[in-house]
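Asks: Data file run20.cif (mmCIF, C-alpha atoms; chains and numbers go by the auth columns) is appended below.
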data_entry
loop_
_atom_site.group_PDB
_atom_site.id
_atom_site.type_symbol
_atom_site.label_atom_id
_atom_site.label_comp_id
_atom_site.label_asym_id
_atom_site.label_seq_id
_atom_site.Cartn_x
_atom_site.Cartn_y
_atom_site.Cartn_z
_atom_site.B_iso_or_equiv
_atom_site.auth_seq_id
_atom_site.auth_asym_id
ATOM 1 C CA MET A 1 67.822 156.860 66.131 0.00 1 A
ATOM 2 C CA ASP A 2 71.019 158.764 66.804 0.00 2 A
ATOM 3 C CA GLU A 3 73.767 159.116 64.204 0.00 3 A
ATOM 4 C CA THR A 4 76.230 156.793 65.964 0.00 4 A
ATOM 5 C CA SER A 5 73.678 153.986 66.242 0.00 5 A
ATOM 6 C CA GLN A 6 72.824 154.380 62.572 0.00 6 A
ATOM 7 C CA LYS A 7 76.519 154.217 61.598 0.00 7 A
ATOM 8 C CA ILE A 8 76.813 150.995 63.601 0.00 8 A
ATOM 9 C CA ILE A 9 73.749 149.484 61.938 0.00 9 A
ATOM 10 C CA ASP A 10 74.907 150.495 58.458 0.00 10 A
ATOM 11 C CA ALA A 11 78.391 149.088 59.067 0.00 11 A
ATOM 12 C CA THR A 12 76.964 145.827 60.420 0.00 12 A
ATOM 13 C CA MET A 13 74.543 145.300 57.562 0.00 13 A
ATOM 14 C CA SER A 14 77.237 146.125 54.982 0.00 14 A
ATOM 15 C CA LEU A 15 79.632 143.633 56.543 0.00 15 A
ATOM 16 C CA ILE A 16 76.982 140.905 56.730 0.00 16 A
ATOM 17 C CA ARG A 17 76.203 141.535 53.073 0.00 17 A
ATOM 18 C CA ASP A 18 79.881 141.270 52.154 0.00 18 A
ATOM 19 C CA LYS A 19 81.196 138.647 54.602 0.00 19 A
ATOM 20 C CA GLY A 20 78.229 136.900 56.191 0.00 20 A
ATOM 21 C CA TYR A 21 77.004 136.978 59.776 0.00 21 A
ATOM 22 C CA VAL A 22 79.484 134.575 61.327 0.00 22 A
ATOM 23 C CA ALA A 23 82.557 136.170 59.704 0.00 23 A
ATOM 24 C CA THR A 24 81.488 139.669 60.795 0.00 24 A
ATOM 25 C CA THR A 25 83.110 140.550 64.118 0.00 25 A
ATOM 26 C CA THR A 26 82.323 143.382 66.486 0.00 26 A
ATOM 27 C CA LYS A 27 85.878 144.651 65.862 0.00 27 A
ATOM 28 C CA ASP A 28 85.066 144.835 62.117 0.00 28 A
ATOM 29 C CA ILE A 29 81.822 146.659 62.848 0.00 29 A
ATOM 30 C CA ALA A 30 83.481 149.187 65.146 0.00 30 A
ATOM 31 C CA ARG A 31 86.288 149.825 62.644 0.00 31 A
ATOM 32 C CA LEU A 32 83.891 150.370 59.720 0.00 32 A
ATOM 33 C CA ALA A 33 81.520 152.505 61.815 0.00 33 A
ATOM 34 C CA GLY A 34 84.430 154.599 63.089 0.00 34 A
ATOM 35 C CA VAL A 35 83.622 153.968 66.740 0.00 35 A
ATOM 36 C CA ASN A 36 85.208 152.219 69.694 0.00 36 A
ATOM 37 C CA GLU A 37 84.091 148.610 70.136 0.00 37 A
ATOM 38 C CA CYS A 38 82.741 149.489 73.603 0.00 38 A
ATOM 39 C CA THR A 39 80.357 151.941 71.928 0.00 39 A
ATOM 40 C CA LEU A 40 78.655 149.024 70.156 0.00 40 A
ATOM 41 C CA PHE A 41 77.702 147.517 73.477 0.00 41 A
ATOM 42 C CA ARG A 42 76.557 150.832 74.952 0.00 42 A
ATOM 43 C CA LYS A 43 74.157 151.236 72.016 0.00 43 A
ATOM 44 C CA PHE A 44 73.146 147.601 71.429 0.00 44 A
ATOM 45 C CA GLN A 45 73.047 144.367 73.441 0.00 45 A
ATOM 46 C CA ASN A 46 75.103 142.351 70.949 0.00 46 A
ATOM 47 C CA LYS A 47 75.769 141.802 67.235 0.00 47 A
ATOM 48 C CA LYS A 48 72.435 140.054 66.779 0.00 48 A
ATOM 49 C CA ASP A 49 70.613 143.018 68.320 0.00 49 A
ATOM 50 C CA ILE A 50 72.286 145.359 65.816 0.00 50 A
ATOM 51 C CA VAL A 51 71.160 143.149 62.927 0.00 51 A
ATOM 52 C CA LEU A 52 67.574 142.982 64.202 0.00 52 A
ATOM 53 C CA HIS A 53 67.495 146.773 64.390 0.00 53 A
ATOM 54 C CA GLY A 54 68.859 146.860 60.843 0.00 54 A
ATOM 55 C CA VAL A 55 66.265 144.527 59.321 0.00 55 A
ATOM 56 C CA SER A 56 63.525 146.630 60.866 0.00 56 A
ATOM 57 C CA GLN A 57 64.699 149.625 58.791 0.00 57 A
ATOM 58 C CA GLU A 58 63.303 150.049 55.311 0.00 58 A
ATOM 59 C CA LYS A 59 66.704 150.938 53.848 0.00 59 A
ATOM 60 C CA TRP A 60 67.895 147.406 54.672 0.00 60 A
ATOM 61 C CA ARG A 61 64.781 145.672 53.295 0.00 61 A
ATOM 62 C CA ALA A 62 63.751 145.353 49.675 0.00 62 A
ATOM 63 C CA HIS A 63 60.287 146.697 50.535 0.00 63 A
ATOM 64 C CA VAL A 64 58.507 144.398 48.106 0.00 64 A
ATOM 65 C CA THR A 65 54.772 144.709 48.751 0.00 65 A
ATOM 66 C CA PRO A 66 51.683 143.830 46.681 0.00 66 A
ATOM 67 C CA GLU A 67 51.448 147.513 45.698 0.00 67 A
ATOM 68 C CA LEU A 68 54.629 147.062 43.656 0.00 68 A
ATOM 69 C CA PHE A 69 52.719 144.784 41.270 0.00 69 A
ATOM 70 C CA GLN A 70 49.627 146.935 40.650 0.00 70 A
ATOM 71 C CA ASN A 71 50.664 148.390 37.290 0.00 71 A
ATOM 72 C CA VAL A 72 48.862 145.731 35.237 0.00 72 A
ATOM 73 C CA GLN A 73 47.403 146.042 31.734 0.00 73 A
ATOM 74 C CA TRP A 74 45.385 142.809 31.924 0.00 74 A
ATOM 75 C CA GLU A 75 47.491 141.368 29.094 0.00 75 A
ATOM 76 C CA LEU A 76 49.446 138.296 30.122 0.00 76 A
ATOM 77 C CA GLU A 77 52.782 138.916 28.390 0.00 77 A
ATOM 78 C CA PRO A 78 53.432 142.550 29.411 0.00 78 A
ATOM 79 C CA ASP A 79 52.043 141.895 32.879 0.00 79 A
ATOM 80 C CA LEU A 80 54.332 138.936 33.555 0.00 80 A
ATOM 81 C CA GLU A 81 57.247 141.033 32.303 0.00 81 A
ATOM 82 C CA MET A 82 56.182 143.793 34.708 0.00 82 A
ATOM 83 C CA PHE A 83 56.084 141.331 37.659 0.00 83 A
ATOM 84 C CA MET A 84 59.555 140.023 36.874 0.00 84 A
ATOM 85 C CA ASN A 85 61.043 143.467 36.223 0.00 85 A
ATOM 86 C CA ALA A 86 59.511 144.952 39.373 0.00 86 A
ATOM 87 C CA TYR A 87 61.022 142.151 41.448 0.00 87 A
ATOM 88 C CA MET A 88 64.437 142.441 39.811 0.00 88 A
ATOM 89 C CA ASP A 89 64.420 146.221 40.238 0.00 89 A
ATOM 90 C CA LYS A 90 64.044 145.795 43.999 0.00 90 A
ATOM 91 C CA ILE A 91 66.076 142.646 44.593 0.00 91 A
ATOM 92 C CA THR A 92 69.545 143.903 43.786 0.00 92 A
ATOM 93 C CA PRO A 93 72.708 141.790 44.088 0.00 93 A
ATOM 94 C CA ASP A 94 73.449 143.631 47.339 0.00 94 A
ATOM 95 C CA PHE A 95 70.057 142.643 48.749 0.00 95 A
ATOM 96 C CA VAL A 96 70.532 139.016 47.648 0.00 96 A
ATOM 97 C CA ASN A 97 73.894 138.869 49.407 0.00 97 A
ATOM 98 C CA LEU A 98 72.480 140.494 52.531 0.00 98 A
ATOM 99 C CA SER A 99 69.548 138.078 52.614 0.00 99 A
ATOM 100 C CA ILE A 100 71.990 135.162 52.395 0.00 100 A
ATOM 101 C CA GLY A 101 73.851 136.591 55.394 0.00 101 A
ATOM 102 C CA LEU A 102 70.572 136.969 57.282 0.00 102 A
ATOM 103 C CA ARG A 103 69.884 133.249 56.884 0.00 103 A
ATOM 104 C CA ALA A 104 72.638 132.329 59.366 0.00 104 A
ATOM 105 C CA PRO A 105 71.343 129.798 61.908 0.00 105 A
ATOM 106 C CA GLN A 106 72.013 132.285 64.722 0.00 106 A
ATOM 107 C CA LEU A 107 69.557 134.754 63.135 0.00 107 A
ATOM 108 C CA TYR A 108 67.168 132.705 61.049 0.00 108 A
ATOM 109 C CA GLU A 109 64.368 132.352 63.589 0.00 109 A
ATOM 110 C CA GLU A 110 64.143 136.147 63.955 0.00 110 A
ATOM 111 C CA THR A 111 64.802 137.111 60.313 0.00 111 A
ATOM 112 C CA ALA A 112 62.884 134.422 58.379 0.00 112 A
ATOM 113 C CA SER A 113 59.522 136.199 58.608 0.00 113 A
ATOM 114 C CA MET A 114 61.069 139.417 57.245 0.00 114 A
ATOM 115 C CA ILE A 115 62.817 137.574 54.412 0.00 115 A
ATOM 116 C CA MET A 116 59.630 135.635 53.514 0.00 116 A
ATOM 117 C CA LYS A 117 57.642 138.838 52.992 0.00 117 A
ATOM 118 C CA VAL A 118 59.291 139.297 49.585 0.00 118 A
ATOM 119 C CA PRO A 119 58.253 135.974 48.007 0.00 119 A
ATOM 120 C CA GLN A 120 54.875 136.126 49.755 0.00 120 A
ATOM 121 C CA ALA A 121 54.096 139.518 48.201 0.00 121 A
ATOM 122 C CA PHE A 122 55.126 138.336 44.722 0.00 122 A
ATOM 123 C CA ILE A 123 53.322 134.982 44.880 0.00 123 A
ATOM 124 C CA SER A 124 50.097 136.291 46.429 0.00 124 A
ATOM 125 C CA SER A 125 49.926 139.216 43.993 0.00 125 A
ATOM 126 C CA LEU A 126 50.570 137.036 40.959 0.00 126 A
ATOM 127 C CA THR A 127 48.119 134.362 42.154 0.00 127 A
ATOM 128 C CA GLU A 128 45.424 137.018 42.551 0.00 128 A
ATOM 129 C CA TYR A 129 46.298 138.448 39.128 0.00 129 A
ATOM 130 C CA PHE A 130 45.852 134.999 37.527 0.00 130 A
ATOM 131 C CA ARG A 131 42.452 134.597 39.252 0.00 131 A
ATOM 132 C CA LYS A 132 41.327 137.949 37.899 0.00 132 A
ATOM 133 C CA MET A 133 42.606 137.032 34.407 0.00 133 A
ATOM 134 C CA GLU A 134 40.481 133.874 34.616 0.00 134 A
ATOM 135 C CA GLU A 135 37.435 135.943 35.636 0.00 135 A
ATOM 136 C CA LEU A 136 38.069 138.181 32.630 0.00 136 A
ATOM 137 C CA GLY A 137 38.120 135.082 30.407 0.00 137 A
ATOM 138 C CA LYS A 138 41.722 135.666 29.358 0.00 138 A
ATOM 139 C CA ILE A 139 43.175 132.414 30.706 0.00 139 A
ATOM 140 C CA PRO A 140 41.659 129.053 31.609 0.00 140 A
ATOM 141 C CA HIS A 141 41.515 127.723 35.154 0.00 141 A
ATOM 142 C CA TYR A 142 44.762 126.344 36.594 0.00 142 A
ATOM 143 C CA ASP A 143 46.392 125.867 39.937 0.00 143 A
ATOM 144 C CA PHE A 144 47.253 129.563 40.037 0.00 144 A
ATOM 145 C CA GLU A 145 49.444 129.361 43.113 0.00 145 A
ATOM 146 C CA SER A 146 51.626 126.746 41.374 0.00 146 A
ATOM 147 C CA LEU A 147 51.848 128.988 38.304 0.00 147 A
ATOM 148 C CA ALA A 148 52.841 131.927 40.498 0.00 148 A
ATOM 149 C CA MET A 149 55.449 129.763 42.245 0.00 149 A
ATOM 150 C CA THR A 150 56.875 128.763 38.858 0.00 150 A
ATOM 151 C CA VAL A 151 57.201 132.372 37.698 0.00 151 A
ATOM 152 C CA PHE A 152 58.610 133.425 41.067 0.00 152 A
ATOM 153 C CA SER A 153 61.095 130.536 41.201 0.00 153 A
ATOM 154 C CA SER A 154 62.403 131.400 37.772 0.00 154 A
ATOM 155 C CA THR A 155 62.673 135.094 38.639 0.00 155 A
ATOM 156 C CA PHE A 156 64.300 134.373 41.998 0.00 156 A
ATOM 157 C CA GLY A 157 66.683 131.847 40.448 0.00 157 A
ATOM 158 C CA TYR A 158 67.914 134.254 37.794 0.00 158 A
ATOM 159 C CA THR A 159 68.278 137.069 40.328 0.00 159 A
ATOM 160 C CA PHE A 160 70.139 134.854 42.814 0.00 160 A
ATOM 161 C CA LEU A 161 72.468 133.351 40.207 0.00 161 A
ATOM 162 C CA ASN A 162 73.157 136.743 38.657 0.00 162 A
ATOM 163 C CA ALA A 163 74.001 138.189 42.075 0.00 163 A
ATOM 164 C CA SER A 164 76.250 135.230 42.850 0.00 164 A
ATOM 165 C CA PHE A 165 78.075 134.792 39.542 0.00 165 A
ATOM 166 C CA GLY A 166 77.302 137.794 37.328 0.00 166 A
ATOM 167 C CA PRO A 167 78.087 137.189 33.666 0.00 167 A
ATOM 168 C CA ASN A 168 80.416 134.265 34.506 0.00 168 A
ATOM 169 C CA LEU A 169 77.535 131.785 34.510 0.00 169 A
ATOM 170 C CA THR A 170 75.617 132.878 31.427 0.00 170 A
ATOM 171 C CA ASP A 171 75.602 135.519 28.748 0.00 171 A
ATOM 172 C CA VAL A 172 71.807 135.773 28.952 0.00 172 A
ATOM 173 C CA GLY A 173 71.010 139.283 30.125 0.00 173 A
ATOM 174 C CA ARG A 174 68.085 140.302 32.274 0.00 174 A
ATOM 175 C CA GLU A 175 65.895 141.656 29.472 0.00 175 A
ATOM 176 C CA GLU A 176 66.496 138.620 27.271 0.00 176 A
ATOM 177 C CA PHE A 177 65.833 136.275 30.195 0.00 177 A
ATOM 178 C CA ILE A 178 62.546 137.981 31.064 0.00 178 A
ATOM 179 C CA LYS A 179 61.283 138.138 27.469 0.00 179 A
ATOM 180 C CA ASN A 180 62.166 134.488 26.742 0.00 180 A
ATOM 181 C CA SER A 181 60.835 133.219 30.075 0.00 181 A
ATOM 182 C CA VAL A 182 57.550 135.069 29.652 0.00 182 A
ATOM 183 C CA LYS A 183 57.118 133.681 26.132 0.00 183 A
ATOM 184 C CA ILE A 184 57.607 130.168 27.514 0.00 184 A
ATOM 185 C CA PHE A 185 55.164 130.792 30.382 0.00 185 A
ATOM 186 C CA VAL A 186 52.545 132.369 28.125 0.00 186 A
ATOM 187 C CA ASN A 187 52.715 129.653 25.509 0.00 187 A
ATOM 188 C CA GLY A 188 52.507 127.030 28.220 0.00 188 A
ATOM 189 C CA ILE A 189 49.530 128.742 29.844 0.00 189 A
ATOM 190 C CA VAL A 190 47.605 129.478 26.653 0.00 190 A
ATOM 191 C CA GLN A 191 48.113 126.036 25.064 0.00 191 A
ATOM 192 C CA LYS A 192 46.256 124.015 27.705 0.00 192 A
#
Take the structure in the file and give it back as structure tokens.

Replies:
Amino acid sequence: MDETSQKIIDATMSLIRDKGYVATTTKDIARLAGVNECTLFRKFQNKKDIVLHGVSQEKWRAHVTPELFQNVQWELEPDLEMFMNAYMDKITPDFVNLSIGLRAPQLYEETASMIMKVPQAFISSLTEYFRKMEELGKIPHYDFESLAMTVFSSTFGYTFLNASFGPNLTDVGREEFIKNSVKIFVNGIVQK
């Protein structure tokens, strides 16, 4: 990809992160990219085309894959903390805001599968981890996908709310949230 096209993509994705898809105009994109508006249409079909090129680039995706969650100790508490920390390390407030912008109805059909890869990687990895922990005799049998959804929902919720409101919503910091949440999950899992 040439430098001008990359500047256009970077400007577009930054604006969508900050303003949303609908509020981002081609004039805004051209101004931020430092190009003439006509250049946008020589390089790309339309604003949507720019965004689709952007989401295909790793720099504009969180790149959350099952490999991210492989550093397990086969001990429930530190492993759940690792899952939550690994997710929160990758899903920054900027990524949360960008993913909100990518959910615009005009884009959703094309971007949904890319956005869903993040929760799918977390949930499938954690579900498989729980199955293996059962095989090792460390936890009893449960509906492991529901457990994984519970951990993911909590992790996602904290990340989303923190990105949206920062410390204005709660004084509970990330480390405290993870430690307390994991203790609740572990005690709930172990005390069947």

Asks: Evaluated on this file, the PyMOL selection byres ((chain A and resi 61) around 10) picks out some residues - which ones are they, written as number ranges by chain?

Replies: A: 54-60, 62-64, 90-91, 95, 98-99, 114-115, 117-118

Asks: Quick one: residues within 9 Å of Met88 of chain A, all atoms listed in the file counted, chain neighbours fewer than 3 positions away excluded, as an mmCIF file with C-alpha atoms, keeping the file's coordinate frame?

Replies:
data_model
loop_
_atom_site.group_PDB
_atom_site.id
_atom_site.type_symbol
_atom_site.label_atom_id
_atom_site.label_comp_id
_atom_site.auth_asym_id
_atom_site.auth_seq_id
_atom_site.Cartn_x
_atom_site.Cartn_y
_atom_site.Cartn_z
ATOM 1 C CA PHE A 83 56.084 141.331 37.659
ATOM 2 C CA MET A 84 59.555 140.023 36.874
ATOM 3 C CA ASN A 85 61.043 143.467 36.223
ATOM 4 C CA ILE A 91 66.076 142.646 44.593
ATOM 5 C CA THR A 92 69.545 143.903 43.786
ATOM 6 C CA THR A 155 62.673 135.094 38.639
ATOM 7 C CA PHE A 156 64.300 134.373 41.998
ATOM 8 C CA THR A 159 68.278 137.069 40.328
ATOM 9 C CA ARG A 174 68.085 140.302 32.274
#

Asks: Could you tell me, as a PyMOL selection string, exactly which residues end up selected when the PyMOL selection byres ((chain A and resi 21-26) around 12) is applied to this structure?

Replies: chain A and resi 8-9+11-20+27-41+44-51+97-108

Asks: Find the spatial neighbours of Thr150 of chain A, counting only C-alpha atoms, within a cut-off of 12 Å - ignore same-chain residues fewer than 5 positions away - and output them as a list in words.

Replies: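 Residues near the query, excluding close chain neighbours: Leu80, Met84, Pro119, Phe122, Ile123, Leu126, Thr127, Asp143, Phe144, Glu145, Thr155, Phe156, Gly157, Ser181, Val182, Ile184, Phe185, Gly188 and Ile189 of chain A.
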
Asks: Please provide the set of residues having any atom within 12 Å of Gln73 of chain A, restricted to all atoms listed in the file, with same-chain residues fewer than 4 positions apart removed, written as a PyMOL selection string.

Replies: chain A and resi 69+77-83+129+132-133

Asks: Report, in Å with one decimal, the straight-line distance from atom CA of Asn187 of chain A to atom CA of Trp74 of chain A.

Replies: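 Atom CA of Asn187 of chain A sits 16.4 Å away from atom CA of Trp74 of chain A.
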
Asks: Would you mind putting N, CA and C atoms back on segment 162-182 of chain A and writing the result as a JSON list (two decimals), in the frame of the given file?

Replies:
[["chain", "number", "residue", "atom", "x", "y", "z"],
["A", 162, "ASN", "N", 72.50, 135.54, 39.17],
["A", 162, "ASN", "CA", 73.16, 136.74, 38.66],
["A", 162, "ASN", "C", 73.92, 137.47, 39.77],
["A", 163, "ALA", "N", 73.33, 137.54, 40.94],
["A", 163, "ALA", "CA", 74.00, 138.19, 42.08],
["A", 163, "ALA", "C", 75.23, 137.39, 42.51],
["A", 164, "SER", "N", 75.15, 136.08, 42.40],
["A", 164, "SER", "CA", 76.25, 135.23, 42.85],
["A", 164, "SER", "C", 77.39, 135.15, 41.85],
["A", 165, "PHE", "N", 77.05, 135.08, 40.55],
["A", 165, "PHE", "CA", 78.08, 134.79, 39.54],
["A", 165, "PHE", "C", 78.20, 135.84, 38.44],
["A", 166, "GLY", "N", 77.26, 136.78, 38.38],
["A", 166, "GLY", "CA", 77.30, 137.79, 37.33],
["A", 166, "GLY", "C", 77.33, 137.15, 35.95],
["A", 167, "PRO", "N", 78.06, 137.72, 35.03],
["A", 167, "PRO", "CA", 78.09, 137.19, 33.67],
["A", 167, "PRO", "C", 78.95, 135.93, 33.51],
["A", 168, "ASN", "N", 79.56, 135.45, 34.60],
["A", 168, "ASN", "CA", 80.42, 134.26, 34.51],
["A", 168, "ASN", "C", 79.61, 132.99, 34.28],
["A", 169, "LEU", "N", 78.36, 132.98, 34.66],
["A", 169, "LEU", "CA", 77.54, 131.78, 34.51],
["A", 169, "LEU", "C", 76.87, 131.72, 33.15],
["A", 170, "THR", "N", 76.33, 132.85, 32.70],
["A", 170, "THR", "CA", 75.62, 132.88, 31.43],
["A", 170, "THR", "C", 75.73, 134.25, 30.78],
["A", 171, "ASP", "N", 75.62, 134.25, 29.48],
["A", 171, "ASP", "CA", 75.60, 135.52, 28.75],
["A", 171, "ASP", "C", 74.20, 136.07, 28.61],
["A", 172, "VAL", "N", 73.19, 135.33, 29.08],
["A", 172, "VAL", "CA", 71.81, 135.77, 28.95],
["A", 172, "VAL", "C", 71.58, 136.94, 29.90],
["A", 173, "GLY", "N", 71.26, 138.09, 29.33],
["A", 173, "GLY", "CA", 71.01, 139.28, 30.12],
["A", 173, "GLY", "C", 69.60, 139.28, 30.70],
["A", 174, "ARG", "N", 69.37, 140.20, 31.59],
["A", 174, "ARG", "CA", 68.08, 140.30, 32.27],
["A", 174, "ARG", "C", 66.92, 140.45, 31.30],
["A", 175, "GLU", "N", 67.01, 141.40, 30.40],
["A", 175, "GLU", "CA", 65.90, 141.66, 29.47],
["A", 175, "GLU", "C", 65.61, 140.43, 28.61],
["A", 176, "GLU", "N", 66.65, 139.82, 28.10],
["A", 176, "GLU", "CA", 66.50, 138.62, 27.27],
["A", 176, "GLU", "C", 65.89, 137.48, 28.09],
["A", 177, "PHE", "N", 66.36, 137.32, 29.32],
["A", 177, "PHE", "CA", 65.83, 136.28, 30.20],
["A", 177, "PHE", "C", 64.34, 136.48, 30.44],
["A", 178, "ILE", "N", 63.95, 137.70, 30.77],
["A", 178, "ILE", "CA", 62.55, 137.98, 31.06],
["A", 178, "ILE", "C", 61.68, 137.74, 29.83],
["A", 179, "LYS", "N", 62.08, 138.29, 28.71],
["A", 179, "LYS", "CA", 61.28, 138.14, 27.47],
["A", 179, "LYS", "C", 61.13, 136.66, 27.11],
["A", 180, "ASN", "N", 62.23, 135.90, 27.12],
["A", 180, "ASN", "CA", 62.17, 134.49, 26.74],
["A", 180, "ASN", "C", 61.38, 133.67, 27.76],
["A", 181, "SER", "N", 61.57, 133.95, 29.04],
["A", 181, "SER", "CA", 60.84, 133.22, 30.08],
["A", 181, "SER", "C", 59.34, 133.47, 29.95],
["A", 182, "VAL", "N", 58.97, 134.72, 29.76],
["A", 182, "VAL", "CA", 57.55, 135.07, 29.65],
["A", 182, "VAL", "C", 56.93, 134.39, 28.43]]
